[in-house]
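To start, the structure itself, in structure tokens.
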Amino acid sequence: MKFSFYNTLTRQKEELKPLKPKKIDIFVCGPTVYDLAHIGHGRVFVIFDAVVKTLRHSGYNVRYLQNITDVDDKIIARAELQGKTPKALAHKFEHEYLKDMKALNITSPDNYARASDHIDEILSQIKRLLKKDCAYITPNGVYFSVKNFHDYGKLSHQKLDKMEETERIEHDPDKKHKQDFALWKKAKAGEPFWPSPWGKGRPGWHIEDTAIAEKYFGQQYDMHGGALDLIFPHHECEIAQMETISNKKPYVRMWLHAGFLNVRGEKMSKSLGNIISIRDLLKDYSAQAFRMLIFQAHYRSPIDYDEDLMKQAQAAQERLTDFYNRLKTIKRFGPENDRIKSIIFTSNKNFWEKLEDDFNTPRAIAIIFSLMKTLNPLINNFAISKREAKAAKEFLKNADGIMHILGPKQTSSIPQEVKNLINERELMRKERRWTEADQSRKELAQIGWTIEDTPEGPKPKRIE
Ligand SMILES: [Zn+2]
């Protein structure tokens, strides 16, 4: 199977060509653990979870590595505010992060590597950069000299003299170029530190990723993922560091970036007070419904989150779950039908092909819905054969193995299809069209529901 993805580095869709046959090494930037992860983070990690699961489904041997940024200015600032040590704060939110990942059914990473566990690897990289004269020491720490790396800007497609200024690059009057970024930061009083040849301090953000990746993957690997806002400066800096150290290009073959998730048209931010944590979202909606919302958009497109969109995703997710449950509980089968068999076969094939083509999840999901439309009436009329029901069930099960959009079994809520049939039946009863009303009752029974007529009106119940 051939996969293609849009590569940020080359700005085009490219076939995935692993360095070693059938093996993929992928690194995705993990969280900075100073607070609960929000649904924007959730989107990124769900996307890469599914990308990795899809590659594995196709027979690739994937190693999926994520870093945990547990040494960082934000952690130090938040810890001080809460009267905790940075270490205790980071430890707590790392734990919460892993809990959220589990709740979202994110099970694909092989290794979560903490920055604080890789200080030796980080020091080794900084030493090599200094030796190559691509870094220099100031009273505040060690900086990478961007002027010494001629490709600086190739990922974000910017020229050095026109590069955007961002708060993510340290300000220091002793820097040689305003775009030079920190490799090592000297500790101020009260800050956490590790010893180094350049004084007590802590690593810069970008060097963590390259040091960790070099340890587990070597100096070049296949794929690197993250959110769109990590392209510059973070991933640009990673390339500068590692290609300087190794003299091998490209550092990473395929750079994948996931689109933003905004809330009601605005970027989530503390000042706007519109941050929705994964924890809070999962109080109201299932992980499966959230994953449906994510996959209904292309991974590179923005999502503008609001309750209506979430409810639509939930309704879609419930419809599919109901369809899957019906396939599992068919009581009576019809004769085999080669046309239906071929529709199921083609749907399955097209589903995976859509994912291989720049991971087009909305198109892939549309294929499942279209199959549902074809098969539901057959199930209603006991016209689907055992063989076809089994094939459809297996297709859905495999698709769900990467998407996790089916279930949990709805016990309290009533599927829209059932509500429609009940309303129809009520209308017919009012118009005294008894035969038709009875037909609606039969249709309900076919999809596993019965009606109890009570003084408060009809009450649907699942047939157990
Ligand atoms: Zn990173």
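Scheme for the structure tokens: letters A, B, ... for chains in order shown; per-chain residue numbers from 1; ligand numbers from 1 in order shown.
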Using only C-alpha atoms and all ligand atoms, which residues of the polymer chains come no farther than 10 Å from ligand 1? I'd like the answer as a PDB file with N, CA and C atoms, in the first residue's frame.
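Okay, this is what ended up in selection28.pdb:
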ATOM      1  N   PHE A  27       7.999  10.903  15.352  1.00  0.00           N
ATOM      2  CA  PHE A  27       8.117  11.690  16.576  1.00  0.00           C
ATOM      3  C   PHE A  27       7.029  12.760  16.538  1.00  0.00           C
ATOM      4  N   VAL A  28       6.282  12.878  17.631  1.00  0.00           N
ATOM      5  CA  VAL A  28       5.278  13.938  17.728  1.00  0.00           C
ATOM      6  C   VAL A  28       5.544  14.732  19.001  1.00  0.00           C
ATOM      7  N   CYS A  29       5.532  16.058  18.861  1.00  0.00           N
ATOM      8  CA  CYS A  29       5.792  16.914  20.022  1.00  0.00           C
ATOM      9  C   CYS A  29       4.725  16.687  21.082  1.00  0.00           C
ATOM     10  N   GLY A  30       5.181  16.354  22.258  1.00  0.00           N
ATOM     11  CA  GLY A  30       4.256  16.115  23.362  1.00  0.00           C
ATOM     12  C   GLY A  30       3.920  17.403  24.097  1.00  0.00           C
ATOM     13  N   PRO A  31       3.257  17.271  25.236  1.00  0.00           N
ATOM     14  CA  PRO A  31       2.769  18.456  25.947  1.00  0.00           C
ATOM     15  C   PRO A  31       3.846  19.093  26.829  1.00  0.00           C
ATOM     16  N   THR A  32       3.656  20.374  27.115  1.00  0.00           N
ATOM     17  CA  THR A  32       4.391  21.018  28.204  1.00  0.00           C
ATOM     18  C   THR A  32       3.476  20.904  29.412  1.00  0.00           C
ATOM     19  N   GLN A  66       7.043  10.157  21.709  1.00  0.00           N
ATOM     20  CA  GLN A  66       6.567  11.489  22.083  1.00  0.00           C
ATOM     21  C   GLN A  66       7.419  11.989  23.234  1.00  0.00           C
ATOM     22  N   ASN A  67       7.727  13.274  23.214  1.00  0.00           N
ATOM     23  CA  ASN A  67       8.460  13.824  24.355  1.00  0.00           C
ATOM     24  C   ASN A  67       7.478  14.450  25.343  1.00  0.00           C
ATOM     25  N   ILE A  68       7.926  14.572  26.559  1.00  0.00           N
ATOM     26  CA  ILE A  68       7.147  15.309  27.571  1.00  0.00           C
ATOM     27  C   ILE A  68       8.033  16.455  28.030  1.00  0.00           C
ATOM     28  N   THR A  69       7.592  17.675  27.785  1.00  0.00           N
ATOM     29  CA  THR A  69       8.372  18.837  28.211  1.00  0.00           C
ATOM     30  C   THR A  69       8.065  19.111  29.676  1.00  0.00           C
ATOM     31  N   TRP A 205      13.943  24.733  24.733  1.00  0.00           N
ATOM     32  CA  TRP A 205      12.848  23.832  24.352  1.00  0.00           C
ATOM     33  C   TRP A 205      13.220  22.955  23.162  1.00  0.00           C
ATOM     34  N   HIS A 206      13.798  23.553  22.121  1.00  0.00           N
ATOM     35  CA  HIS A 206      13.985  22.835  20.851  1.00  0.00           C
ATOM     36  C   HIS A 206      15.002  21.700  20.932  1.00  0.00           C
ATOM     37  N   ILE A 207      16.008  21.877  21.780  1.00  0.00           N
ATOM     38  CA  ILE A 207      17.089  20.891  21.847  1.00  0.00           C
ATOM     39  C   ILE A 207      16.618  19.576  22.487  1.00  0.00           C
ATOM     40  N   GLU A 208      15.533  19.672  23.306  1.00  0.00           N
ATOM     41  CA  GLU A 208      14.962  18.456  23.912  1.00  0.00           C
ATOM     42  C   GLU A 208      14.589  17.440  22.848  1.00  0.00           C
ATOM     43  N   ASP A 209      13.858  17.926  21.851  1.00  0.00           N
ATOM     44  CA  ASP A 209      13.298  17.015  20.843  1.00  0.00           C
ATOM     45  C   ASP A 209      14.394  16.335  20.045  1.00  0.00           C
ATOM     46  N   THR A 210      15.401  17.127  19.632  1.00  0.00           N
ATOM     47  CA  THR A 210      16.445  16.522  18.793  1.00  0.00           C
ATOM     48  C   THR A 210      17.302  15.566  19.616  1.00  0.00           C
ATOM     49  N   HIS A 224       7.789  13.538  11.398  1.00  0.00           N
ATOM     50  CA  HIS A 224       7.676  14.369  12.590  1.00  0.00           C
ATOM     51  C   HIS A 224       6.338  15.091  12.500  1.00  0.00           C
ATOM     52  N   GLY A 225       5.586  15.044  13.587  1.00  0.00           N
ATOM     53  CA  GLY A 225       4.279  15.682  13.579  1.00  0.00           C
ATOM     54  C   GLY A 225       4.111  16.665  14.711  1.00  0.00           C
ATOM     55  N   GLY A 226       3.091  17.498  14.568  1.00  0.00           N
ATOM     56  CA  GLY A 226       2.759  18.460  15.614  1.00  0.00           C
ATOM     57  C   GLY A 226       1.673  19.387  15.116  1.00  0.00           C
ATOM     58  N   ALA A 227       1.338  20.371  15.933  1.00  0.00           N
ATOM     59  CA  ALA A 227       0.339  21.347  15.519  1.00  0.00           C
ATOM     60  C   ALA A 227       1.001  22.383  14.609  1.00  0.00           C
ATOM     61  N   LEU A 230       3.709  24.943  15.569  1.00  0.00           N
ATOM     62  CA  LEU A 230       5.048  24.505  15.957  1.00  0.00           C
ATOM     63  C   LEU A 230       6.045  24.597  14.795  1.00  0.00           C
ATOM     64  N   ILE A 231       5.534  24.900  13.587  1.00  0.00           N
ATOM     65  CA  ILE A 231       6.439  24.972  12.432  1.00  0.00           C
ATOM     66  C   ILE A 231       7.549  25.985  12.708  1.00  0.00           C
ATOM     67  N   HIS A 234       9.729  26.394  16.469  1.00  0.00           N
ATOM     68  CA  HIS A 234      10.149  25.139  17.088  1.00  0.00           C
ATOM     69  C   HIS A 234      10.749  24.124  16.112  1.00  0.00           C
ATOM     70  N   HIS A 235       9.999  23.764  15.090  1.00  0.00           N
ATOM     71  CA  HIS A 235      10.517  22.731  14.179  1.00  0.00           C
ATOM     72  C   HIS A 235      11.637  23.255  13.277  1.00  0.00           C
ATOM     73  N   CYS A 237      13.886  25.285  14.289  1.00  0.00           N
ATOM     74  CA  CYS A 237      15.068  25.201  15.161  1.00  0.00           C
ATOM     75  C   CYS A 237      15.573  23.762  15.255  1.00  0.00           C
ATOM     76  N   GLU A 238      14.648  22.821  15.320  1.00  0.00           N
ATOM     77  CA  GLU A 238      15.070  21.411  15.386  1.00  0.00           C
ATOM     78  C   GLU A 238      15.905  21.037  14.166  1.00  0.00           C
TER      79      GLU A 238
END
request  = Within 9 Å of Asn148 (chain A), counting only C-alpha atoms, which residues show up once you throw out same-chain ones fewer than 2 positions away? Write them as a list in words, please.
outcome  = Asp133, Cys134, Ala135, Phe144, Ser145, Val146, His150, Tyr152 and Thr244 of chain A
inquiry  = Applying 9 Å and only C-alpha atoms, which residues near Lys74 (chain A) remain after dropping the ones on its own chain fewer than 4 positions away? List them as a PyMOL selection string.
reply    = chain A and resi 32-34+78-79
Same residues, N, CA and C atoms, saved as a PDB file, in the first residue's frame:
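Saved result, selection.pdb, follows:
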ATOM      1  N   THR A  32       3.656  20.374  27.115  1.00  0.00           N
ATOM      2  CA  THR A  32       4.391  21.018  28.204  1.00  0.00           C
ATOM      3  C   THR A  32       3.476  20.904  29.412  1.00  0.00           C
ATOM      4  N   VAL A  33       3.928  20.177  30.408  1.00  0.00           N
ATOM      5  CA  VAL A  33       2.988  19.753  31.458  1.00  0.00           C
ATOM      6  C   VAL A  33       2.905  20.768  32.609  1.00  0.00           C
ATOM      7  N   TYR A  34       2.105  21.825  32.377  1.00  0.00           N
ATOM      8  CA  TYR A  34       1.891  22.819  33.441  1.00  0.00           C
ATOM      9  C   TYR A  34       0.407  23.058  33.703  1.00  0.00           C
ATOM     10  N   ARG A  78       4.204  28.811  36.599  1.00  0.00           N
ATOM     11  CA  ARG A  78       2.956  28.298  37.176  1.00  0.00           C
ATOM     12  C   ARG A  78       3.201  27.694  38.563  1.00  0.00           C
ATOM     13  N   ALA A  79       4.332  27.022  38.724  1.00  0.00           N
ATOM     14  CA  ALA A  79       4.655  26.403  40.019  1.00  0.00           C
ATOM     15  C   ALA A  79       4.810  27.473  41.093  1.00  0.00           C
TER      16      ALA A  79
END
task = Please report, as an MDAnalysis selection string, each residue of region 31-126 of chain A to which DSSP assigns helix (DSSP H, G or I) when run on this structure's backbone.
result = chainID A and resid 39:57 73:82 86:103 115:117 119:126
Kindly export the residues of the current selection with C-alpha atoms, as a PDB file, in the first residue's frame.
ATOM      1  CA  ILE A  39      -9.319  19.989  23.184  1.00  0.00           C
ATOM      2  CA  GLY A  40      -6.918  21.570  20.662  1.00  0.00           C
ATOM      3  CA  HIS A  41      -4.138  19.369  22.032  1.00  0.00           C
ATOM      4  CA  GLY A  42      -6.627  16.513  22.040  1.00  0.00           C
ATOM      5  CA  ARG A  43      -7.229  16.976  18.327  1.00  0.00           C
ATOM      6  CA  VAL A  44      -3.517  16.776  17.462  1.00  0.00           C
ATOM      7  CA  PHE A  45      -2.906  13.652  19.524  1.00  0.00           C
ATOM      8  CA  VAL A  46      -6.041  11.903  18.246  1.00  0.00           C
ATOM      9  CA  ILE A  47      -4.956  12.599  14.659  1.00  0.00           C
ATOM     10  CA  PHE A  48      -1.479  11.146  15.106  1.00  0.00           C
ATOM     11  CA  ASP A  49      -2.852   8.224  17.078  1.00  0.00           C
ATOM     12  CA  ALA A  50      -5.011   7.351  14.084  1.00  0.00           C
ATOM     13  CA  VAL A  51      -2.219   7.980  11.555  1.00  0.00           C
ATOM     14  CA  VAL A  52       0.040   5.567  13.434  1.00  0.00           C
ATOM     15  CA  LYS A  53      -2.712   2.978  13.804  1.00  0.00           C
ATOM     16  CA  THR A  54      -3.462   3.201  10.085  1.00  0.00           C
ATOM     17  CA  LEU A  55       0.205   2.666   9.193  1.00  0.00           C
ATOM     18  CA  ARG A  56       0.344  -0.300  11.538  1.00  0.00           C
ATOM     19  CA  HIS A  57      -2.870  -1.691  10.060  1.00  0.00           C
ATOM     20  CA  ASP A  73       9.652  28.521  31.753  1.00  0.00           C
ATOM     21  CA  LYS A  74       5.852  28.088  31.847  1.00  0.00           C
ATOM     22  CA  ILE A  75       6.172  25.278  34.371  1.00  0.00           C
ATOM     23  CA  ILE A  76       8.454  27.371  36.578  1.00  0.00           C
ATOM     24  CA  ALA A  77       6.087  30.360  36.438  1.00  0.00           C
ATOM     25  CA  ARG A  78       2.956  28.298  37.176  1.00  0.00           C
ATOM     26  CA  ALA A  79       4.655  26.403  40.019  1.00  0.00           C
ATOM     27  CA  GLU A  80       5.649  29.639  41.688  1.00  0.00           C
ATOM     28  CA  LEU A  81       2.090  30.911  41.409  1.00  0.00           C
ATOM     29  CA  GLN A  82       0.769  27.770  43.076  1.00  0.00           C
ATOM     30  CA  PRO A  86       8.268  22.834  39.293  1.00  0.00           C
ATOM     31  CA  LYS A  87       9.007  19.141  39.526  1.00  0.00           C
ATOM     32  CA  ALA A  88       5.864  18.381  41.548  1.00  0.00           C
ATOM     33  CA  LEU A  89       3.705  20.467  39.209  1.00  0.00           C
ATOM     34  CA  ALA A  90       5.132  18.823  36.089  1.00  0.00           C
ATOM     35  CA  HIS A  91       4.712  15.396  37.615  1.00  0.00           C
ATOM     36  CA  LYS A  92       1.059  16.050  38.448  1.00  0.00           C
ATOM     37  CA  PHE A  93       0.163  17.310  34.967  1.00  0.00           C
ATOM     38  CA  GLU A  94       2.085  14.564  33.228  1.00  0.00           C
ATOM     39  CA  HIS A  95      -0.111  12.146  35.138  1.00  0.00           C
ATOM     40  CA  GLU A  96      -3.258  14.070  34.147  1.00  0.00           C
ATOM     41  CA  TYR A  97      -2.114  14.167  30.522  1.00  0.00           C
ATOM     42  CA  LEU A  98      -1.674  10.405  30.370  1.00  0.00           C
ATOM     43  CA  LYS A  99      -5.110   9.988  31.952  1.00  0.00           C
ATOM     44  CA  ASP A 100      -6.659  12.166  29.236  1.00  0.00           C
ATOM     45  CA  MET A 101      -4.869  10.252  26.502  1.00  0.00           C
ATOM     46  CA  LYS A 102      -6.227   7.000  27.860  1.00  0.00           C
ATOM     47  CA  ALA A 103      -9.735   8.443  28.042  1.00  0.00           C
ATOM     48  CA  ALA A 115      13.177  16.022  28.898  1.00  0.00           C
ATOM     49  CA  SER A 116      14.453  15.805  32.478  1.00  0.00           C
ATOM     50  CA  ASP A 117      15.497  12.192  31.890  1.00  0.00           C
ATOM     51  CA  ILE A 119      19.866  15.947  30.166  1.00  0.00           C
ATOM     52  CA  ASP A 120      23.054  14.052  29.212  1.00  0.00           C
ATOM     53  CA  GLU A 121      21.881  13.687  25.608  1.00  0.00           C
ATOM     54  CA  ILE A 122      20.970  17.389  25.548  1.00  0.00           C
ATOM     55  CA  LEU A 123      24.400  18.444  26.912  1.00  0.00           C
ATOM     56  CA  SER A 124      26.091  16.250  24.318  1.00  0.00           C
ATOM     57  CA  GLN A 125      24.232  17.969  21.479  1.00  0.00           C
ATOM     58  CA  ILE A 126      25.048  21.468  22.773  1.00  0.00           C
TER      59      ILE A 126
END
inquiry  = Need to verify the contact set: Arg332 (chain A), 10 Å, only C-alpha atoms, exclusion of same-chain residues closer than 4 positions in sequence. Can you return it as a PyMOL selection string?
reply    = chain A and resi 379-386+446
message = Could you check the closest approach to Pro408 (chain A) for each of A:Trp434, A:Tyr136, A:Trp352, A:Tyr285 and tell me which residue wins, using only C-alpha atoms?
response =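 Ranked by minimum distance to Pro408 (chain A), first place goes to A:Tyr285.
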Shell around Asn337 (chain A) at 12 Å using only C-alpha atoms, local window under 3 positions removed, as a ChimeraX atom specification = /A:333-334,340-344,375,378,383-389
Would you put the residues from that selection into a file with N, CA and C atoms, as a short mmCIF file (atom, residue, chain, number, x, y, z; two decimals), in the first residue's frame?
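Wrote it out as again03.cif, contents follow:
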data_model
loop_
_atom_site.label_atom_id
_atom_site.label_comp_id
_atom_site.auth_asym_id
_atom_site.auth_seq_id
_atom_site.Cartn_x
_atom_site.Cartn_y
_atom_site.Cartn_z
N PHE A 333 -31.94 -13.68 8.47
CA PHE A 333 -31.14 -13.27 7.32
C PHE A 333 -31.86 -13.56 6.00
N GLY A 334 -31.42 -12.87 4.95
CA GLY A 334 -31.95 -13.11 3.62
C GLY A 334 -30.95 -13.89 2.77
N ILE A 340 -24.65 -6.70 -3.37
CA ILE A 340 -24.40 -6.17 -2.02
C ILE A 340 -22.98 -6.57 -1.57
N LYS A 341 -22.62 -7.78 -1.87
CA LYS A 341 -21.28 -8.25 -1.52
C LYS A 341 -20.22 -7.34 -2.14
N SER A 342 -20.44 -6.99 -3.39
CA SER A 342 -19.46 -6.16 -4.08
C SER A 342 -19.47 -4.71 -3.55
N ILE A 343 -20.63 -4.22 -3.15
CA ILE A 343 -20.69 -2.87 -2.55
C ILE A 343 -19.87 -2.82 -1.26
N ILE A 344 -20.01 -3.86 -0.44
CA ILE A 344 -19.27 -3.89 0.83
C ILE A 344 -17.77 -3.99 0.56
N LEU A 375 -27.40 -0.45 3.51
CA LEU A 375 -27.67 -1.69 4.26
C LEU A 375 -28.84 -1.58 5.25
N LEU A 378 -32.07 -3.03 4.13
CA LEU A 378 -31.97 -4.49 3.99
C LEU A 378 -32.10 -5.17 5.35
N ALA A 383 -33.35 -8.74 4.74
CA ALA A 383 -32.93 -9.11 3.38
C ALA A 383 -31.41 -9.20 3.23
N ILE A 384 -30.68 -8.99 4.31
CA ILE A 384 -29.22 -9.09 4.20
C ILE A 384 -28.79 -10.52 4.58
N SER A 385 -27.83 -11.04 3.83
CA SER A 385 -27.41 -12.42 4.12
C SER A 385 -26.41 -12.44 5.26
N LYS A 386 -26.19 -13.60 5.80
CA LYS A 386 -25.25 -13.78 6.90
C LYS A 386 -23.84 -13.37 6.46
N ARG A 387 -23.47 -13.82 5.26
CA ARG A 387 -22.14 -13.53 4.72
C ARG A 387 -21.92 -12.01 4.58
N GLU A 388 -22.91 -11.31 4.06
CA GLU A 388 -22.76 -9.87 3.85
C GLU A 388 -22.76 -9.11 5.17
N ALA A 389 -23.62 -9.54 6.09
CA ALA A 389 -23.64 -8.89 7.40
C ALA A 389 -22.29 -9.02 8.08
#
query = Of the residues A:Tyr64, A:Tyr112, A:Phe345, A:Trp198, which is the one nearest to Trp184 (chain A), using only C-alpha atoms?
reply =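 The closest residue to Trp184 (chain A) is A:Trp198.
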inquiry  = As an exercise, work out the distance from CA of Leu406 (chain A) to CA of Lys354 (chain A) in Å and give it to one decimal place.
reply    =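 Rounded to one decimal, the two atoms are 19.3 Å apart.
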query = Can you tell me how far CA of Gly201 (chain A) sits from CA of Lys185 (chain A), in Å to one decimal?
reply =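 CA of Gly201 (chain A) sits 5.4 Å away from CA of Lys185 (chain A).
The environment of Pro250 (chain A) within 10 Å, counting only C-alpha atoms and disregarding residues fewer than 6 places along the same chain, consists of Leu9, Gln219, Gln220, Tyr221, Asp222, Ile239, Met242 and Glu243 of chain A.
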query = By how many Å are CA of Ala399 (chain A) and CA of Leu281 (chain A) apart?
reply =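 So the answer is 24.1 Å.
Of the residues listed (A:Phe181, A:Tyr251, A:Phe5, A:Trp449), A:Trp449 shows the shortest atom-to-atom separation from Asp322 (chain A); distances use only C-alpha atoms.
When only C-alpha atoms are used to measure the gap to Arg11 (chain A), the shortest distance among A:Leu256, A:Ala113, A:Leu327, A:Met223 belongs to A:Leu256.
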query = Which is closest to His257 (chain A) among A:Lys283, A:Lys328, A:Lys430, A:His298, if we use only C-alpha atoms?
reply = A:His298
request  = Tell me, as a VMD selection string, which residues lie within 10 Å of Leu444 (chain A), counting only C-alpha atoms; anything in the same chain fewer than 6 positions away does not count.
outcome  = chain A and resid 380 417 to 422 425 438 450 to 451 460 to 463
Requested write-out: C-alpha atoms of the selected residues, as a PDB file, in the first residue's frame:
ATOM      1  CA  ASN A 380     -35.102  -3.765   8.288  1.00  0.00           C
ATOM      2  CA  GLU A 417     -34.229   6.921  13.500  1.00  0.00           C
ATOM      3  CA  VAL A 418     -36.322   5.592  16.394  1.00  0.00           C
ATOM      4  CA  LYS A 419     -37.641   9.050  17.244  1.00  0.00           C
ATOM      5  CA  ASN A 420     -38.722   9.540  13.626  1.00  0.00           C
ATOM      6  CA  LEU A 421     -40.603   6.239  13.552  1.00  0.00           C
ATOM      7  CA  ILE A 422     -42.357   7.050  16.825  1.00  0.00           C
ATOM      8  CA  ARG A 425     -46.671   6.322  14.287  1.00  0.00           C
ATOM      9  CA  ASP A 438     -48.893  -0.866  13.006  1.00  0.00           C
ATOM     10  CA  THR A 450     -40.599  -1.520  21.204  1.00  0.00           C
ATOM     11  CA  ILE A 451     -43.188   1.058  22.279  1.00  0.00           C
ATOM     12  CA  PRO A 460     -39.603   3.638  23.486  1.00  0.00           C
ATOM     13  CA  LYS A 461     -37.690   0.745  24.984  1.00  0.00           C
ATOM     14  CA  ARG A 462     -34.912  -1.364  23.664  1.00  0.00           C
ATOM     15  CA  ILE A 463     -35.797  -5.018  23.091  1.00  0.00           C
TER      16      ILE A 463
END
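The residues of region 103-237 of chain A that DSSP classifies as strand (DSSP E), using the backbone of this structure, are Asn111, Tyr112, Ala113, Arg114, Ala135, Tyr136, Ile137, Thr138, Gly141, Val142, Tyr143, Phe144, Phe181, Ala182, Leu183, Trp184, Lys185, Lys186, Gly201, Arg202, Pro203, Tyr221, Asp222, Met223, His224, Gly225, Gly226 and Ala227 of chain A.
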